[in-house]
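One structure is given below, encoded as structure tokens.
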Amino acid sequence: MKSVKLFFKSYWKPLLLILIFYVFTLLAILRANDYYVDDTGRAVIGYGWTSDFKRYSSTFLSFFLLNLNTKAADLSPFTQIFALALVALSSVILCLLLTGKKNGEKLPALPLALSAFLGIAPYSISLWVYKFDAPCMALALFVSILPFLFKDAKKKFIFPLVSIFCLVVMWTSYQAFSGVYPLLCVLIVLLELLRGEKLKSLSRFLIVSVISYLLAGLVYKILPDFSVAPSYRATEIFALSELIPGFFKNLALVFSTIWSDFTLIWKVALFLSALVFLLSFVLRKGNRLKSLGFGCLILISLAVISFGPFLVLREIALTPRSLCASSVAFACLGIILGNNLNKKLRLLSAPTFLLLYSFMIFAFALGNAFADQKAYHTFRNSALASDLAALYPDSAVLTQKKVQILGGIGLSAVSEHVVEQYPLTPRILDEGQTGLSEHVWGTRRLLFYYGLTFDNFFVADNGRFDCDSFSLKLETAYHKILESPDESSVCIVVK
């Protein structure tokens with residue numbers, strides 16, 4: 001308890017400043033107040049406390065701690081600000097670990113400022129769009145970093161105990177951060193060796209960390225799975241003979257995805273930041289060649305280990321939120337770079353601050369695109385619902401028919417302009433997730449607001465029926481409504 005009190009007493013100011021920065025940067029997203037993907041279902045139905053995919057920690061946090069109930073309600077923006085508070089805590093702890101400072105010692109300003117990558121790197125921004133899941137994702141990040149605060153505890157059992165507990169919480173909340181713990185373990189060892197520590201003195205820390213990680217993974221593996229929803233992600237790993245080529249194949253897929261998602265400014269600023277990062281090691285006192293070697297090892301670790309065990313899966317997820325651990329790599333690069341540069345060399349951090357600033361303005365552009373897409377989505381839903389109500393005044397009649405949606409509304413004018421500037425945008429602001437479309441998530445608002453049931457509603461995800469013989473009931477500039485000859489089925493073609 002004394003160490004916790006000392007931590008908050010010493011670092012409440014940087015904690016508050018980083019949190020304010022995160023909230024300010026994500027203000028446009030919070031203002032958009034949009035229901036993203038399954039947020040609509042959670043807001044309307046609430047869902048029960050039962051957990052899918054063994055996400056028991058997420059369930060406990062979401063229902064019992066935040067909602068104080070067995071069903072979730074929309075508590076935004078509190079949930080997102082709560083998530084950002086956890087990320088701010090993670091930023092300060094990460095800065096403490098990578099600068100080599102002890103709890104209570106003053107943290108340098110430059111590494112603290114650059115630790116903000118943790119919350120506003122592009123893929124992590126896609127996490128804070130979620131109203132309901134944001135705290136659970138932030139929890140997974142926080143508990144992946146927290147154990148290392150206890151690595152030097154006088155009672156040797158504390159670090160492995162905290163590690164195993166926190167890692168089980170991570171596995172049972174959001175597994176995309178499963179590479180953070182091993183990454184930090186490797187970084188701490190490399191930085192300590194560079195500072196003059198002997199490998200022998202660090203061997204216990206390494207062994208305990210590895211065993212803790214494996215034990216936590218084993219606990220997660222043997223936990224019962226009460227999933228109601230079908231799994232949407234394969235978890236089969238490569239066979240031993242395919243492991244190395246499969247690993248590099250997935251790594252190449254990750255890098256090519258990031259390359260295609262990033263703007264030219266992001267790529268140039270990141271490349272220059274990597275060069276300055278290596279230069280900061282060369283400029284350190286002592287053996288420059290040795291320092292450069294450690295810098296290269298750290299840079300490779302940041303690029304590879306942060307993605308964790310997912311690189312050995314046969315089917316790797318490449319969605320923006322699946323790549324969120326890259327934000328940890330960006331933050332670690334910024335903190336270590338900032339810590340290496342003395343006062344005379346601080347100007348060398350300009351490319352890294354340019355990268356941070358460019359991520360910040362992307363968050364504003366994305367948030368405004370969300371707001372405009374929401375307005376466009378609401379307009380198109382309202383127009384369709386109004387026409388359906390005119391054709392079928394008794395909603396019970398329509399509910400008894402088979403209903404199918406084809407096509408999609410696409411993106412609004414503002415959203416399309418943002419897409420032109422930022423290639424990553426359409427992968428976050430997808431019409432299937434944020435607009436009326438044939439995708440299962442694209443029909444949620446129409447279903448919940450108009451009262452249709454899932455039993456008779458067909459989308460691209462759960463099969464289709466042929467509409468060629470249907471007769472036209474109504475056509476507008478926005479959609480066509482067709483009906484089968486026996487009047488048992490309705491087909492909606494969205495333009």
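As shown in the structure tokens, the chain order sets the letters A, B, ...; within each chain, residues go from 1, and ligands are also counted from 1 in the order they appear.
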
(message) Can you tell me, as an NGL selection string, which residues in segment 192-425 of chain A count as strand (DSSP E or B) by DSSP?
(response) :A and (237 or 313 or 402-408)

Please report as CSV every residue of segment 60-89 of chain A lying within 7 Å of segment 17-35 of chain A, along with the nearest atom pair and their distance in Å (one decimal), using only C-alpha atoms.
```
residue,atom,partner,partner_atom,distance
A:Pro77,CA,A:Leu30,CA,6.4
A:Ile81,CA,A:Val23,CA,6.9
A:Leu84,CA,A:Leu19,CA,6.4
A:Ala85,CA,A:Leu19,CA,5.9
A:Ala88,CA,A:Leu19,CA,5.4
```

(message) Using only C-alpha atoms, which protein or nucleic acid residues come within 7 Å of segment 358-369 of chain A? Drop anything in the same chain fewer than 3 positions from it, and give the result as an MDAnalysis selection string.
(response) chainID A and resid 25:26 28:29 32 120:122 125 354:355 372:373 414:415 418 425

Taking a cut-off of 9 Å and counting only C-alpha atoms, can you build a table that, for each residue of segment 296-371 of chain A near segment 95-100 of chain A, reports the nearest atom pair and how far apart they are in Å (one decimal), sorted by chain then residue number, as a Markdown table?
```
| residue | atom | partner | partner_atom | distance |
| --- | --- | --- | --- | --- |
| A:Ala331 | CA | A:Cys95 | CA | 8.8 |
| A:Cys332 | CA | A:Leu98 | CA | 7.5 |
| A:Ile335 | CA | A:Cys95 | CA | 6.2 |
| A:Ile336 | CA | A:Leu98 | CA | 6.5 |
| A:Asn339 | CA | A:Thr99 | CA | 6.2 |
| A:Asn340 | CA | A:Thr99 | CA | 8.9 |
```

(request) Could you check how far atom CA of His479 of chain A sits from atom CA of Val493 of chain A, in Å to one decimal? (result)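 A separation of 5.5 Å between them.
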
(request) From the DSSP assignment of the backbone, select every residue of segment 4-192 of chain A that is alpha helix (DSSP H), and format the answer as number ranges by chain. (result) A: 4-25, 27-32, 39-44, 56-59, 78-98, 109-114, 117-120, 122-128, 134-145, 158-171, 180-192

Please produce an output containing C-alpha atoms for each residue in the selection, written as a compact mmCIF listing (two decimals), in the first residue's frame.
```txt
# COMPACT_ATOMS: atom_id res chain seq x y z
CA VAL A 4 0.82 2.64 -4.26
CA LYS A 5 0.44 5.81 -2.17
CA LEU A 6 3.94 6.89 -3.16
CA PHE A 7 3.17 6.29 -6.84
CA PHE A 8 0.03 8.45 -6.87
CA LYS A 9 1.58 11.10 -4.64
CA SER A 10 4.59 11.38 -6.97
CA TYR A 11 2.88 11.10 -10.33
CA TRP A 12 -0.65 12.49 -10.02
CA LYS A 13 0.28 15.55 -12.09
CA PRO A 14 1.65 13.68 -15.14
CA LEU A 15 -1.24 11.22 -14.80
CA LEU A 16 -3.76 14.04 -14.95
CA LEU A 17 -1.98 15.81 -17.81
CA ILE A 18 -1.80 12.66 -19.94
CA LEU A 19 -5.46 11.85 -19.24
CA ILE A 20 -6.49 15.40 -20.23
CA PHE A 21 -4.44 15.05 -23.42
CA TYR A 22 -6.10 11.73 -24.26
CA VAL A 23 -9.60 13.07 -23.65
CA PHE A 24 -8.85 16.21 -25.67
CA THR A 25 -7.43 14.18 -28.58
CA LEU A 27 -12.97 14.64 -28.06
CA ALA A 28 -14.34 14.43 -31.62
CA ILE A 29 -14.91 10.67 -31.24
CA LEU A 30 -16.62 11.16 -27.87
CA ARG A 31 -18.72 13.97 -29.34
CA ALA A 32 -19.81 11.77 -32.24
CA ASP A 39 -22.64 -1.30 -29.29
CA THR A 40 -26.20 -0.99 -30.67
CA GLY A 41 -27.19 -4.44 -29.44
CA ARG A 42 -25.59 -3.83 -26.06
CA ALA A 43 -27.33 -0.48 -25.67
CA VAL A 44 -30.78 -1.76 -26.67
CA TYR A 56 -14.66 -13.40 -17.80
CA SER A 57 -12.62 -10.38 -16.69
CA SER A 58 -14.36 -8.21 -19.28
CA THR A 59 -17.71 -9.45 -18.03
CA PHE A 78 -17.79 7.54 -18.75
CA THR A 79 -16.73 4.11 -20.05
CA GLN A 80 -14.37 5.62 -22.62
CA ILE A 81 -12.92 8.13 -20.13
CA PHE A 82 -12.47 5.28 -17.63
CA ALA A 83 -10.58 3.38 -20.35
CA LEU A 84 -8.39 6.40 -21.05
CA ALA A 85 -7.63 6.75 -17.32
CA LEU A 86 -6.31 3.16 -17.35
CA VAL A 87 -4.23 3.98 -20.43
CA ALA A 88 -2.86 7.12 -18.73
CA LEU A 89 -1.85 4.97 -15.76
CA SER A 90 -0.21 2.53 -18.17
CA SER A 91 1.68 5.40 -19.85
CA VAL A 92 3.22 6.58 -16.58
CA ILE A 93 4.11 3.03 -15.44
CA LEU A 94 5.66 2.29 -18.83
CA CYS A 95 7.70 5.47 -18.59
CA LEU A 96 8.86 4.51 -15.11
CA LEU A 97 9.96 1.05 -16.28
CA LEU A 98 11.81 2.07 -19.43
CA ALA A 109 9.38 15.36 -19.38
CA LEU A 110 10.36 14.20 -22.88
CA PRO A 111 9.76 10.46 -22.33
CA LEU A 112 6.51 11.27 -20.52
CA ALA A 113 5.26 13.34 -23.45
CA LEU A 114 6.16 10.64 -25.98
CA PHE A 117 1.57 7.17 -28.25
CA LEU A 118 0.06 4.48 -26.05
CA GLY A 119 -3.41 5.99 -26.25
CA ILE A 120 -3.50 7.75 -29.62
CA PRO A 122 -3.97 4.83 -34.96
CA TYR A 123 -4.85 1.22 -34.12
CA SER A 124 -5.43 2.00 -30.44
CA ILE A 125 -7.79 4.85 -31.45
CA SER A 126 -10.04 2.21 -33.00
CA LEU A 127 -10.47 0.69 -29.50
CA TRP A 128 -11.82 3.84 -27.86
CA ALA A 134 -13.26 0.19 -24.41
CA PRO A 135 -12.71 -0.33 -20.64
CA CYS A 136 -12.14 -4.07 -21.12
CA MET A 137 -9.55 -3.46 -23.84
CA ALA A 138 -7.82 -0.83 -21.71
CA LEU A 139 -7.84 -3.24 -18.76
CA ALA A 140 -5.97 -5.85 -20.85
CA LEU A 141 -3.31 -3.25 -21.69
CA PHE A 142 -3.01 -2.02 -18.11
CA VAL A 143 -2.62 -5.47 -16.51
CA SER A 144 -0.01 -6.44 -19.11
CA ILE A 145 2.23 -3.59 -17.90
CA ILE A 158 5.07 -11.05 -5.24
CA PHE A 159 6.25 -10.52 -8.85
CA PRO A 160 5.32 -14.00 -10.16
CA LEU A 161 2.04 -13.96 -8.23
CA VAL A 162 1.03 -10.55 -9.60
CA SER A 163 2.24 -11.55 -13.07
CA ILE A 164 0.15 -14.72 -13.21
CA PHE A 165 -2.95 -12.96 -11.88
CA CYS A 166 -2.62 -10.00 -14.27
CA LEU A 167 -1.88 -12.21 -17.26
CA VAL A 168 -4.96 -14.35 -16.58
CA VAL A 169 -6.96 -11.10 -16.47
CA MET A 170 -5.40 -10.10 -19.81
CA TRP A 171 -6.21 -13.46 -21.44
CA VAL A 180 2.96 -6.72 -24.36
CA TYR A 181 4.23 -8.70 -21.34
CA PRO A 182 6.96 -10.62 -23.26
CA LEU A 183 7.92 -7.41 -25.09
CA LEU A 184 8.46 -5.50 -21.84
CA CYS A 185 10.34 -8.43 -20.36
CA VAL A 186 12.80 -8.39 -23.28
CA LEU A 187 13.11 -4.58 -23.27
CA ILE A 188 13.82 -4.41 -19.53
CA VAL A 189 16.54 -7.06 -19.86
CA LEU A 190 18.18 -5.35 -22.86
CA LEU A 191 18.09 -1.91 -21.20
CA GLU A 192 19.50 -3.28 -17.94
```

(message) If we count only C-alpha atoms and set the cut-off at 7 Å, which residues sit around segment 309-325 of chain A, ignoring sequence neighbours fewer than 6 positions away in its own chain? Please answer as a count of residues only.
(response) 21
